[in-house]
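So this block is model-v9.csv, CSV, C-alpha atoms:
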chain,number,residue,atom,x,y,z
A,1,MET,CA,-29.1,-31.6,-54.3
A,2,LEU,CA,-25.5,-30.7,-55.1
A,3,GLY,CA,-24.9,-28.9,-58.4
A,4,LEU,CA,-22.3,-30.6,-60.7
A,5,LEU,CA,-18.7,-29.6,-60.2
A,6,TYR,CA,-17.5,-30.1,-63.8
A,7,LEU,CA,-13.8,-30.6,-64.1
A,8,ASP,CA,-13.7,-32.7,-67.3
A,9,SER,CA,-13.4,-30.4,-70.3
A,10,ALA,CA,-10.3,-32.2,-71.5
A,11,ARG,CA,-12.6,-35.1,-72.3
A,12,ILE,CA,-15.7,-33.3,-73.4
A,13,GLY,CA,-16.8,-29.8,-72.5
A,14,GLN,CA,-20.2,-28.8,-71.1
A,15,LEU,CA,-22.5,-27.5,-73.8
A,16,SER,CA,-22.1,-23.8,-74.1
A,17,PRO,CA,-25.4,-21.9,-73.6
A,18,TYR,CA,-24.8,-20.1,-76.9
A,19,ALA,CA,-24.2,-23.4,-78.7
A,20,ARG,CA,-27.4,-24.7,-77.2
A,21,GLN,CA,-29.4,-21.6,-78.3
A,22,SER,CA,-28.1,-21.9,-81.8
A,23,LEU,CA,-29.0,-25.6,-81.9
A,24,ASP,CA,-32.5,-24.9,-80.5
A,25,ASP,CA,-33.1,-22.2,-83.1
A,26,PHE,CA,-31.8,-24.4,-86.0
A,27,LEU,CA,-33.9,-27.4,-84.9
A,28,ASP,CA,-37.0,-25.3,-84.5
A,29,PHE,CA,-36.5,-24.1,-88.1
A,30,VAL,CA,-35.8,-27.5,-89.8
A,31,ALA,CA,-38.5,-29.2,-87.8
A,32,THR,CA,-41.0,-27.4,-90.0
A,33,THR,CA,-39.0,-26.8,-93.2
A,34,PRO,CA,-36.1,-29.3,-93.4
A,35,THR,CA,-35.5,-28.6,-97.1
A,36,HIS,CA,-36.3,-24.9,-97.2
A,37,PRO,CA,-35.1,-23.5,-100.5
A,38,GLN,CA,-33.2,-20.7,-98.8
A,39,LEU,CA,-31.2,-23.0,-96.5
A,40,ILE,CA,-28.3,-23.7,-98.8
A,41,GLN,CA,-27.9,-20.0,-99.7
A,42,TRP,CA,-28.1,-19.1,-96.0
A,43,LEU,CA,-25.3,-21.6,-95.3
A,44,ARG,CA,-23.2,-20.4,-98.3
A,45,THR,CA,-23.6,-16.6,-97.9
A,46,GLY,CA,-25.7,-15.8,-94.8
A,47,ALA,CA,-28.7,-14.8,-97.0
A,48,PRO,CA,-31.7,-14.1,-94.7
A,49,LEU,CA,-33.9,-16.9,-93.6
A,50,PRO,CA,-37.6,-16.3,-92.7
A,51,ASP,CA,-38.3,-14.3,-89.5
A,52,GLY,CA,-38.1,-16.0,-86.2
A,53,THR,CA,-34.8,-17.8,-86.6
A,54,GLY,CA,-33.2,-16.1,-83.6
A,55,SER,CA,-29.5,-16.5,-83.2
A,56,LEU,CA,-29.2,-17.9,-86.8
A,57,SER,CA,-29.7,-14.4,-88.1
A,58,ARG,CA,-26.0,-13.8,-87.0
A,59,TRP,CA,-24.7,-16.4,-89.4
A,60,ARG,CA,-22.8,-14.6,-92.2
A,61,GLY,CA,-22.0,-17.6,-94.4
A,62,ILE,CA,-19.5,-20.5,-94.4
A,63,GLU,CA,-16.4,-18.5,-95.3
A,64,ALA,CA,-17.1,-15.9,-92.6
A,65,PHE,CA,-17.4,-18.7,-90.1
A,66,GLU,CA,-14.1,-20.2,-91.2
A,67,GLN,CA,-12.4,-16.8,-90.9
A,68,SER,CA,-13.7,-16.6,-87.3
A,69,ILE,CA,-12.3,-20.1,-86.7
A,70,ALA,CA,-8.9,-19.0,-88.1
A,71,LYS,CA,-8.9,-16.0,-85.8
A,72,MET,CA,-9.8,-18.2,-82.8
A,73,PHE,CA,-6.7,-20.3,-83.6
A,74,GLY,CA,-4.6,-17.1,-83.8
A,75,GLY,CA,-3.9,-17.7,-87.5
A,76,PRO,CA,-3.8,-15.0,-90.2
A,77,ALA,CA,-6.9,-14.0,-92.2
A,78,CYS,CA,-5.5,-15.9,-95.2
A,79,SER,CA,-5.6,-19.2,-93.4
A,80,ARG,CA,-7.5,-22.0,-95.2
A,81,VAL,CA,-9.9,-23.8,-92.9
A,82,PHE,CA,-11.4,-27.2,-93.3
A,83,LEU,CA,-14.4,-28.6,-91.4
A,84,SER,CA,-15.2,-32.3,-91.1
A,85,SER,CA,-17.4,-34.6,-89.0
A,86,ARG,CA,-14.3,-36.2,-87.3
A,87,SER,CA,-10.9,-34.8,-86.4
A,88,VAL,CA,-9.2,-38.0,-87.3
A,89,THR,CA,-10.2,-37.4,-90.9
A,90,LEU,CA,-8.1,-34.2,-90.9
A,91,ILE,CA,-5.3,-35.8,-89.0
A,92,ARG,CA,-5.0,-38.5,-91.7
A,93,LEU,CA,-5.1,-35.9,-94.4
A,94,GLY,CA,-2.5,-33.8,-92.6
A,95,LEU,CA,-0.1,-36.7,-92.1
A,96,GLN,CA,-0.5,-37.7,-95.8
A,97,GLN,CA,0.6,-34.2,-96.7
A,98,LEU,CA,3.6,-34.6,-94.3
A,99,PHE,CA,4.9,-37.8,-95.8
A,100,LYS,CA,4.5,-36.4,-99.4
A,101,ARG,CA,7.2,-33.9,-98.4
A,102,CYS,CA,9.2,-35.5,-95.6
A,103,ARG,CA,11.6,-38.5,-95.4
A,104,ARG,CA,11.3,-38.9,-91.6
A,105,CYS,CA,9.0,-37.5,-89.0
A,106,MET,CA,9.6,-37.0,-85.3
A,107,THR,CA,6.9,-37.1,-82.7
A,108,VAL,CA,6.8,-37.5,-78.9
A,109,ASP,CA,5.8,-40.4,-76.6
A,110,THR,CA,2.9,-38.4,-75.2
A,111,CYS,CA,1.2,-38.2,-78.6
A,112,TRP,CA,-2.5,-39.4,-78.4
A,113,PRO,CA,-2.2,-43.2,-79.0
A,114,ARG,CA,-4.9,-43.3,-81.8
A,115,TYR,CA,-3.0,-40.5,-83.6
A,116,LEU,CA,0.3,-42.3,-83.2
A,117,GLN,CA,-1.4,-45.3,-85.0
A,118,GLU,CA,-2.4,-42.9,-87.8
A,119,LEU,CA,1.1,-41.6,-88.0
A,120,HIS,CA,2.6,-45.1,-88.5
A,121,ARG,CA,-0.2,-46.0,-91.0
A,122,ALA,CA,0.6,-42.8,-93.0
A,123,SER,CA,4.3,-43.7,-93.0
A,124,ALA,CA,3.7,-47.3,-94.1
A,125,GLU,CA,5.3,-46.8,-97.6
A,126,LYS,CA,8.5,-45.4,-96.1
A,127,SER,CA,10.4,-47.8,-93.9
A,128,ASP,CA,11.8,-46.4,-90.6
A,129,SER,CA,10.2,-43.0,-91.2
A,130,VAL,CA,8.9,-42.3,-87.7
A,131,PHE,CA,11.1,-41.5,-84.7
A,132,VAL,CA,9.4,-41.2,-81.3
A,133,LYS,CA,11.2,-38.9,-78.8
A,134,SER,CA,10.8,-39.4,-75.1
A,135,TYR,CA,9.0,-36.4,-73.6
A,136,ARG,CA,7.3,-37.6,-70.4
A,137,ARG,CA,10.5,-38.9,-68.7
A,138,PRO,CA,12.7,-35.8,-69.1
A,139,VAL,CA,9.9,-33.4,-68.3
A,140,PHE,CA,8.3,-35.2,-65.3
A,141,ASP,CA,11.1,-37.3,-63.9
A,142,ARG,CA,14.2,-35.1,-64.6
A,143,GLY,CA,12.6,-31.7,-64.5
A,144,VAL,CA,14.3,-30.6,-67.7
A,145,SER,CA,13.8,-26.9,-68.7
A,146,VAL,CA,12.1,-26.0,-72.0
A,147,GLU,CA,15.3,-24.6,-73.4
A,148,ALA,CA,17.3,-27.7,-72.5
A,149,PHE,CA,14.6,-30.0,-73.9
A,150,CYS,CA,14.4,-28.1,-77.2
A,151,GLU,CA,18.1,-28.2,-77.7
A,152,ASN,CA,18.3,-31.9,-76.9
A,153,LEU,CA,15.3,-32.7,-79.2
A,154,CYS,CA,17.1,-30.6,-82.0
A,155,LEU,CA,20.3,-32.7,-81.7
A,156,VAL,CA,18.3,-36.0,-81.8
A,157,TYR,CA,16.1,-34.7,-84.7
A,158,CYS,CA,19.1,-33.8,-86.8
A,159,SER,CA,21.1,-36.9,-86.0
A,160,GLU,CA,18.1,-39.1,-86.8
A,161,GLY,CA,17.7,-37.5,-90.2
A,162,CYS,CA,14.2,-36.1,-89.5
A,163,ASP,CA,12.7,-33.3,-91.6
A,164,GLY,CA,9.1,-33.2,-90.4
A,165,LEU,CA,7.2,-32.9,-87.1
A,166,PHE,CA,3.9,-34.2,-85.7
A,167,LEU,CA,3.4,-32.8,-82.2
A,168,PRO,CA,0.5,-32.1,-79.8
A,169,ALA,CA,0.3,-28.5,-78.6
A,170,VAL,CA,-1.0,-29.9,-75.3
A,171,ASP,CA,-0.9,-33.7,-74.7
A,172,HIS,CA,-3.9,-35.6,-73.3
A,173,MET,CA,-2.3,-35.6,-69.8
A,174,GLY,CA,-2.1,-31.8,-69.7
A,175,THR,CA,1.6,-31.0,-70.6
A,176,ARG,CA,2.3,-28.2,-73.0
A,177,ILE,CA,4.7,-29.0,-75.8
A,178,PRO,CA,6.6,-25.9,-77.0
A,179,VAL,CA,6.0,-26.4,-80.7
A,180,ALA,CA,7.1,-23.0,-81.9
A,181,ARG,CA,10.2,-23.0,-79.9
A,182,ILE,CA,11.1,-26.5,-81.0
A,183,VAL,CA,10.8,-25.5,-84.7
A,184,ARG,CA,12.8,-22.3,-84.2
A,185,THR,CA,15.5,-24.1,-82.4
A,186,ILE,CA,15.9,-26.7,-85.1
A,187,ARG,CA,16.1,-24.1,-87.8
A,188,GLU,CA,18.6,-22.0,-85.8
A,189,PHE,CA,20.8,-25.0,-85.6
A,190,GLY,CA,20.6,-25.5,-89.3
A,191,GLY,CA,18.1,-28.4,-89.3
A,192,GLU,CA,15.5,-28.8,-92.0
A,193,VAL,CA,11.8,-28.6,-91.2
A,194,ARG,CA,9.7,-29.3,-94.3
A,195,PHE,CA,6.2,-29.8,-92.8
A,196,VAL,CA,4.7,-29.5,-89.3
A,197,VAL,CA,1.4,-31.0,-88.2
A,198,VAL,CA,0.0,-30.0,-84.8
A,199,ASP,CA,-2.6,-31.8,-82.8
A,200,ALA,CA,-4.5,-29.0,-81.1
A,201,ALA,CA,-7.3,-31.0,-79.6
A,202,GLN,CA,-6.4,-30.1,-76.0
A,203,ALA,CA,-5.3,-26.6,-76.9
A,204,LEU,CA,-8.2,-25.0,-78.8
A,205,GLY,CA,-10.1,-22.8,-76.4
A,206,HIS,CA,-7.6,-23.6,-73.6
A,207,VAL,CA,-4.2,-22.2,-74.4
A,208,PRO,CA,-3.1,-19.6,-77.0
A,209,LEU,CA,-2.1,-21.1,-80.4
A,210,ASP,CA,-0.7,-17.9,-82.0
A,211,ASP,CA,2.9,-19.0,-81.9
A,212,ASP,CA,2.1,-22.5,-83.2
A,213,CYS,CA,0.3,-20.9,-86.2
A,214,LYS,CA,3.5,-19.1,-87.1
A,215,VAL,CA,5.4,-22.4,-87.6
A,216,ALA,CA,2.8,-25.1,-88.3
A,217,ASP,CA,1.6,-26.1,-91.8
A,218,PHE,CA,-1.6,-27.8,-90.5
A,219,LEU,CA,-3.3,-27.7,-87.1
A,220,VAL,CA,-6.2,-30.0,-86.2
A,221,ALA,CA,-8.7,-29.8,-83.3
A,222,GLY,CA,-12.3,-30.5,-82.4
A,223,THR,CA,-14.9,-28.2,-81.0
A,224,HIS,CA,-16.3,-30.6,-78.3
A,225,LYS,CA,-13.7,-30.1,-75.6
A,226,TRP,CA,-12.7,-26.7,-74.2
A,227,LEU,CA,-14.8,-24.8,-76.7
A,228,GLY,CA,-18.0,-26.4,-75.5
A,229,SER,CA,-20.0,-27.3,-78.6
A,230,TYR,CA,-20.6,-30.9,-77.4
A,231,SER,CA,-21.2,-32.1,-80.9
A,232,THR,CA,-17.9,-33.1,-82.6
A,233,LEU,CA,-16.8,-30.9,-85.4
A,234,GLY,CA,-13.2,-31.5,-86.8
A,235,ILE,CA,-11.3,-28.4,-87.7
A,236,GLY,CA,-8.1,-28.2,-89.8
A,237,VAL,CA,-6.3,-24.9,-90.2
A,238,ALA,CA,-3.6,-24.3,-92.8
A,239,PRO,CA,-2.1,-20.9,-91.8
A,240,GLN,CA,1.0,-20.8,-94.1
A,241,LEU,CA,0.8,-19.3,-97.6
A,242,THR,CA,3.6,-21.5,-98.7
A,243,SER,CA,1.7,-24.7,-98.1
A,244,SER,CA,-2.1,-23.9,-97.8
A,245,ALA,CA,-2.8,-24.0,-101.5
A,246,ALA,CA,-1.2,-27.4,-102.0
A,247,ILE,CA,-3.0,-28.7,-98.9
A,248,GLU,CA,-6.3,-27.5,-100.3
A,249,HIS,CA,-5.7,-29.0,-103.7
A,250,ASP,CA,-4.8,-32.4,-102.3
A,251,ILE,CA,-7.7,-32.5,-99.9
A,252,GLN,CA,-10.2,-31.6,-102.6
A,253,GLN,CA,-8.6,-34.2,-104.9
A,254,ALA,CA,-8.9,-36.9,-102.2
A,255,LEU,CA,-12.6,-36.0,-102.0
A,256,ARG,CA,-13.1,-36.2,-105.7
A,257,ASP,CA,-11.3,-39.6,-105.8
A,258,SER,CA,-13.3,-40.9,-102.8
A,259,VAL,CA,-10.1,-41.5,-101.0
A,260,THR,CA,-11.5,-39.6,-98.1
A,261,ASP,CA,-15.0,-40.5,-96.9
A,262,ASP,CA,-16.2,-37.6,-94.8
A,263,GLY,CA,-19.7,-36.4,-95.8
A,264,LEU,CA,-19.5,-33.1,-93.9
A,265,LEU,CA,-16.1,-32.2,-95.3
A,266,ALA,CA,-17.3,-33.0,-98.9
A,267,PHE,CA,-20.5,-31.0,-98.3
A,268,ILE,CA,-18.7,-27.9,-97.1
A,269,GLU,CA,-16.1,-28.0,-99.8
A,270,GLN,CA,-18.9,-28.3,-102.4
A,271,LEU,CA,-20.8,-25.4,-100.6
A,272,ARG,CA,-17.7,-23.3,-101.0
A,273,GLY,CA,-17.8,-23.9,-104.8
A,274,SER,CA,-15.3,-26.7,-105.3
A,275,VAL,CA,-15.9,-28.4,-108.6
A,276,GLY,CA,-16.3,-32.2,-109.0
A,277,ILE,CA,-16.9,-33.0,-105.4
A,278,GLN,CA,-20.0,-35.1,-104.7
A,279,SER,CA,-21.6,-34.7,-101.3
A,280,GLU,CA,-24.5,-36.4,-99.5
A,281,THR,CA,-27.1,-35.6,-97.0
A,282,VAL,CA,-25.3,-34.7,-93.8
A,283,ASN,CA,-26.0,-33.8,-90.2
A,284,LEU,CA,-25.5,-30.0,-89.9
A,285,CYS,CA,-26.0,-29.9,-86.1
A,286,PRO,CA,-22.2,-30.0,-85.3
A,287,LEU,CA,-21.6,-27.1,-87.5
A,288,ILE,CA,-24.4,-25.0,-86.0
A,289,SER,CA,-23.4,-26.0,-82.4
A,290,ALA,CA,-19.8,-24.9,-83.2
A,291,PHE,CA,-21.0,-21.6,-84.6
A,292,GLY,CA,-22.9,-20.9,-81.4
A,293,ALA,CA,-20.0,-22.0,-79.2
A,294,GLN,CA,-17.3,-19.9,-80.9
A,295,GLU,CA,-19.5,-16.9,-81.2
A,296,ASN,CA,-19.1,-16.1,-77.5
A,297,SER,CA,-15.9,-18.1,-76.8
A,298,ARG,CA,-13.3,-16.5,-74.7
A,299,GLN,CA,-9.9,-16.3,-76.4
A,300,PRO,CA,-7.3,-18.0,-74.1
A,301,THR,CA,-4.6,-15.7,-72.9
A,302,VAL,CA,-1.6,-15.7,-70.5
A,303,ASP,CA,-4.0,-14.3,-67.9
A,304,SER,CA,-6.6,-17.1,-68.3
A,305,ILE,CA,-3.8,-19.7,-67.9
A,306,THR,CA,-2.5,-17.9,-64.8
A,307,ALA,CA,-6.1,-18.1,-63.4
A,308,GLN,CA,-6.2,-21.8,-64.0
A,309,LEU,CA,-2.8,-22.3,-62.4
A,310,ARG,CA,-4.1,-20.4,-59.3
A,311,ASN,CA,-6.9,-22.9,-59.1
A,312,ALA,CA,-4.4,-25.7,-59.5
A,313,ARG,CA,-2.5,-24.4,-56.5
A,314,ARG,CA,-5.7,-24.4,-54.4
A,315,VAL,CA,-6.5,-28.0,-55.4
A,316,ILE,CA,-2.9,-29.2,-54.8
A,317,ARG,CA,-3.1,-27.9,-51.2
A,318,ILE,CA,-6.3,-29.8,-50.4
A,319,ALA,CA,-5.0,-32.9,-52.4
A,320,GLU,CA,-1.8,-33.1,-50.3
A,321,ARG,CA,-3.9,-32.8,-47.1
A,322,SER,CA,-5.9,-35.7,-48.4
A,323,GLY,CA,-3.0,-38.0,-49.1
A,324,TRP,CA,-2.7,-37.4,-52.9
A,325,TYR,CA,0.3,-36.3,-54.9
A,326,ALA,CA,0.3,-33.8,-57.7
A,327,GLU,CA,2.1,-34.9,-60.9
A,328,LEU,CA,3.7,-31.6,-61.9
A,329,PRO,CA,6.1,-30.7,-64.6
A,330,GLU,CA,8.1,-27.4,-64.5
A,331,ASN,CA,6.0,-24.2,-64.8
A,332,GLU,CA,6.8,-23.7,-68.5
A,333,TYR,CA,5.0,-26.9,-69.4
A,334,ARG,CA,1.8,-26.4,-67.3
A,335,CYS,CA,-1.7,-25.5,-68.4
A,336,GLY,CA,-5.2,-25.8,-67.1
A,337,ILE,CA,-5.0,-29.6,-66.6
A,338,LEU,CA,-3.9,-31.0,-63.3
A,339,LEU,CA,-3.0,-34.7,-62.6
A,340,LEU,CA,-3.4,-36.1,-59.1
A,341,GLN,CA,-2.3,-39.6,-58.0
A,342,LEU,CA,-2.8,-41.8,-55.0
A,343,PRO,CA,0.2,-43.2,-53.0
A,344,LYS,CA,1.9,-46.1,-54.6
A,345,GLN,CA,0.5,-48.9,-52.5
A,346,GLN,CA,-3.1,-47.7,-53.2
A,347,ARG,CA,-3.0,-47.5,-57.0
A,348,GLN,CA,-4.6,-50.9,-57.6
A,349,ILE,CA,-8.1,-49.3,-57.4
A,350,PRO,CA,-9.8,-49.7,-60.8
A,351,ALA,CA,-10.3,-46.5,-62.8
A,352,SER,CA,-14.1,-47.1,-63.1
A,353,GLN,CA,-14.4,-47.3,-59.3
A,354,LEU,CA,-12.4,-44.2,-58.8
A,355,GLN,CA,-14.5,-42.3,-61.4
A,356,GLN,CA,-17.7,-43.4,-59.6
A,357,LEU,CA,-16.5,-42.3,-56.2
A,358,PHE,CA,-16.2,-38.7,-57.6
A,359,ALA,CA,-19.4,-39.0,-59.6
A,360,ASP,CA,-21.3,-40.0,-56.4
A,361,ARG,CA,-20.4,-36.6,-55.0
A,362,SER,CA,-21.4,-34.8,-58.2
A,363,ILE,CA,-17.9,-34.2,-59.4
A,364,SER,CA,-17.0,-35.0,-63.0
A,365,LEU,CA,-13.4,-35.7,-63.9
A,366,THR,CA,-11.4,-38.3,-65.8
A,367,ALA,CA,-10.0,-41.3,-63.8
A,368,TYR,CA,-7.3,-43.7,-65.0
A,369,ASP,CA,-5.8,-46.9,-63.7
A,370,ARG,CA,-2.9,-46.6,-61.3
A,371,GLY,CA,-4.8,-44.2,-59.1
A,372,LEU,CA,-4.6,-41.3,-61.4
A,373,VAL,CA,-7.2,-38.6,-62.0
A,374,ARG,CA,-7.2,-35.7,-64.5
A,375,LEU,CA,-8.9,-32.4,-63.6
A,376,SER,CA,-9.7,-29.7,-66.2
A,377,LEU,CA,-9.6,-26.5,-64.2
A,378,PRO,CA,-11.9,-23.5,-64.9
A,379,VAL,CA,-10.7,-20.0,-65.3
A,380,GLU,CA,-13.2,-18.7,-62.7
A,381,PRO,CA,-11.9,-19.1,-59.1
A,382,LEU,CA,-13.0,-22.3,-57.4
A,383,ASN,CA,-15.0,-21.2,-54.3
A,384,ALA,CA,-14.7,-22.5,-50.8
A,385,LYS,CA,-17.7,-24.8,-51.1
A,386,ALA,CA,-16.3,-26.4,-54.4
A,387,LEU,CA,-12.9,-26.9,-52.8
A,388,GLU,CA,-14.5,-28.4,-49.6
A,389,ARG,CA,-16.5,-30.9,-51.7
A,390,LEU,CA,-13.5,-31.8,-53.7
A,391,GLU,CA,-11.5,-32.4,-50.6
A,392,HIS,CA,-14.1,-34.7,-49.1
A,393,ALA,CA,-14.2,-36.6,-52.4
A,394,LEU,CA,-10.4,-37.0,-52.4
A,395,VAL,CA,-10.4,-38.2,-48.8
A,396,ALA,CA,-13.2,-40.7,-49.6
A,397,ALA,CA,-11.4,-42.0,-52.6
A,398,ASN,CA,-8.1,-42.4,-50.7
A,399,HIS,CA,-10.0,-44.3,-48.0
A,400,ALA,CA,-11.7,-46.6,-50.6
A,401,ALA,CA,-8.3,-47.2,-52.3
A,402,SER,CA,-6.8,-48.2,-48.9
A,403,GLU,CA,-9.6,-50.7,-48.3
A,404,ASN,CA,-9.1,-52.0,-51.8
A,405,TYR,CA,-5.4,-52.5,-51.1
A,406,GLU,CA,-6.0,-54.2,-47.8
A,407,SER,CA,-8.5,-56.7,-49.4
A,408,ILE,CA,-6.0,-57.9,-51.9
A,409,PRO,CA,-4.7,-61.4,-50.9
A,410,GLY,CA,-1.0,-61.8,-50.1
Could you show the structure in this file as structure tokens?
Amino acid sequence: MLGLLYLDSARIGQLSPYARQSLDDFLDFVATTPTHPQLIQWLRTGAPLPDGTGSLSRWRGIEAFEQSIAKMFGGPACSRVFLSSRSVTLIRLGLQQLFKRCRRCMTVDTCWPRYLQELHRASAEKSDSVFVKSYRRPVFDRGVSVEAFCENLCLVYCSEGCDGLFLPAVDHMGTRIPVARIVRTIREFGGEVRFVVVDAAQALGHVPLDDDCKVADFLVAGTHKWLGSYSTLGIGVAPQLTSSAAIEHDIQQALRDSVTDDGLLAFIEQLRGSVGIQSETVNLCPLISAFGAQENSRQPTVDSITAQLRNARRVIRIAERSGWYAELPENEYRCGILLLQLPKQQRQIPASQLQQLFADRSISLTAYDRGLVRLSLPVEPLNAKALERLEHALVAANHAASENYESIPG
């Protein structure tokens, strides 16, 4: 039987062996003593648990874990980190912070649709306070360079009276957005940037975020994609001394006033010693899984992205032989995600059928309507057998799409 060729970390990553080990050790412990008197102190400070807890002995307390998360983002040691059961909770809180400070926010048309809804909801009390800048067309259709795009965005940003930004570091279709360069360009041209929120969902564990941490006030990601924790843990990082204290104050106040209903966020803030926050019984497995995943995670670098791009070139060669086209922006925008699309006349094939065609050959990727597939490429080189299997699947999918097209009446 063929082993799974997993190319779907942009949707949900495979469970890291280290995350699995931490989860197994934790479940073994709570299976016998779910309310052990030392558990809370262990979570808070890393105080020793009884012998036999394996990987859990490496836990050094919640603040040490948060510091390791900040380091993983590339943020300074002084960064304030927030942990929640859902990333969208932290997106909402970040956007509330943005509109407390900003008159008008700019985003791009490749923003995750759910988060774009949250942006409009957060801006509801301020009319005409969101401007959506076209990103996909200039980058994909016109091949605009990063420098030219940033300068054009800056001109539009200033002419539209914007003073805040909400941007993905990598959008869900795998295009890098040069957040730091955008902010620097706006400021160099004399524009005002009061607050920056970054959606780092597709970036954490995938591309370096160091530069984004230098300009962003609040970055939000989850641990279930490229990091490989499988369980969803939302992470919010506030790396700026100028804004982190105010963010902390307002998030804790939202918990005290029950404006924000996230049990894990409340539990961890209470664990850290915040006064007046009432928590509840919560599922700690996402926290433990994230601890295991980050403990042995590989920090993304220019070299790791280069390795993924080498894999992309290998895949593009076999895709073109199989009748597919690669949707490619300029090099500066690329990352470890690759889009492939069928010829125009064969794009009527349903996404579910396309997905199943690859799954039948033990290949996991994301399929969309209009004959589009998204591949999350590994850092390790794809070997000849993997490429051969992928090529056979691409040929079979192309053939099935052709039959689908020929069966359509008229």
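A straight line drawn from atom CA of Ile182 of chain A to atom CA of Phe149 of chain A is 8.7 Å long.
For Gln96 of chain A, the residues within 9 Å (counting only C-alpha atoms, excluding itself and residues fewer than 3 positions away along the chain) are Ile91, Arg92, Leu93, Phe99, Lys100, Arg101, Leu119, Ala122 and Ser123 of chain A.
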Just want the 10 Å neighbourhood of Ser352 of chain A, counted on all atoms listed in the file, with same-chain residues fewer than 5 positions away dropped. Output as a VMD selection string.
chain A and resid 357 366 to 369
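Minimum atom-to-atom distances from A:Pro37, A:Pro113, A:Pro50, A:Pro378 to Met173 of chain A were compared using all atoms listed in the file, and the lowest value belongs to A:Pro113.
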Give me the residues near Val146 of chain A as an mmCIF file with C-alpha atoms, in the frame of the given file, where near means some atom within 9 Å (using all atoms listed in the file) and where sequence neighbours in that chain fewer than 2 positions away do not count.
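Resulting contents of selection-v3.cif:
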data_model
loop_
_atom_site.group_PDB
_atom_site.id
_atom_site.type_symbol
_atom_site.label_atom_id
_atom_site.label_comp_id
_atom_site.auth_asym_id
_atom_site.auth_seq_id
_atom_site.Cartn_x
_atom_site.Cartn_y
_atom_site.Cartn_z
ATOM 1 C CA VAL A 139 9.900 -33.400 -68.300
ATOM 2 C CA VAL A 144 14.300 -30.600 -67.700
ATOM 3 C CA ALA A 148 17.300 -27.700 -72.500
ATOM 4 C CA PHE A 149 14.600 -30.000 -73.900
ATOM 5 C CA CYS A 150 14.400 -28.100 -77.200
ATOM 6 C CA GLU A 151 18.100 -28.200 -77.700
ATOM 7 C CA ILE A 177 4.700 -29.000 -75.800
ATOM 8 C CA PRO A 178 6.600 -25.900 -77.000
ATOM 9 C CA ARG A 181 10.200 -23.000 -79.900
ATOM 10 C CA GLU A 330 8.100 -27.400 -64.500
ATOM 11 C CA GLU A 332 6.800 -23.700 -68.500
ATOM 12 C CA TYR A 333 5.000 -26.900 -69.400
#
I want to know what sits within 9 Å of segment 215-228 of chain A, based on all atoms listed in the file, with residues of the same chain fewer than 3 positions away left out; could you give that as a PyMOL selection string?
chain A and resi 8-17+19+73+86-88+90-91+94+179-180+183-184+195-206+211-212+231-244+247+286+289-290+293-294+297-298
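As for atom CA of Leu377 of chain A and atom CA of Ile316 of chain A, they are spaced 11.9 Å apart.
Distance annotation: of A:Leu387, A:Ala397, A:Cys154, A:Ile288, the residue with the minimal separation from Ala359 of chain A is A:Ala397; atom set is all atoms listed in the file.
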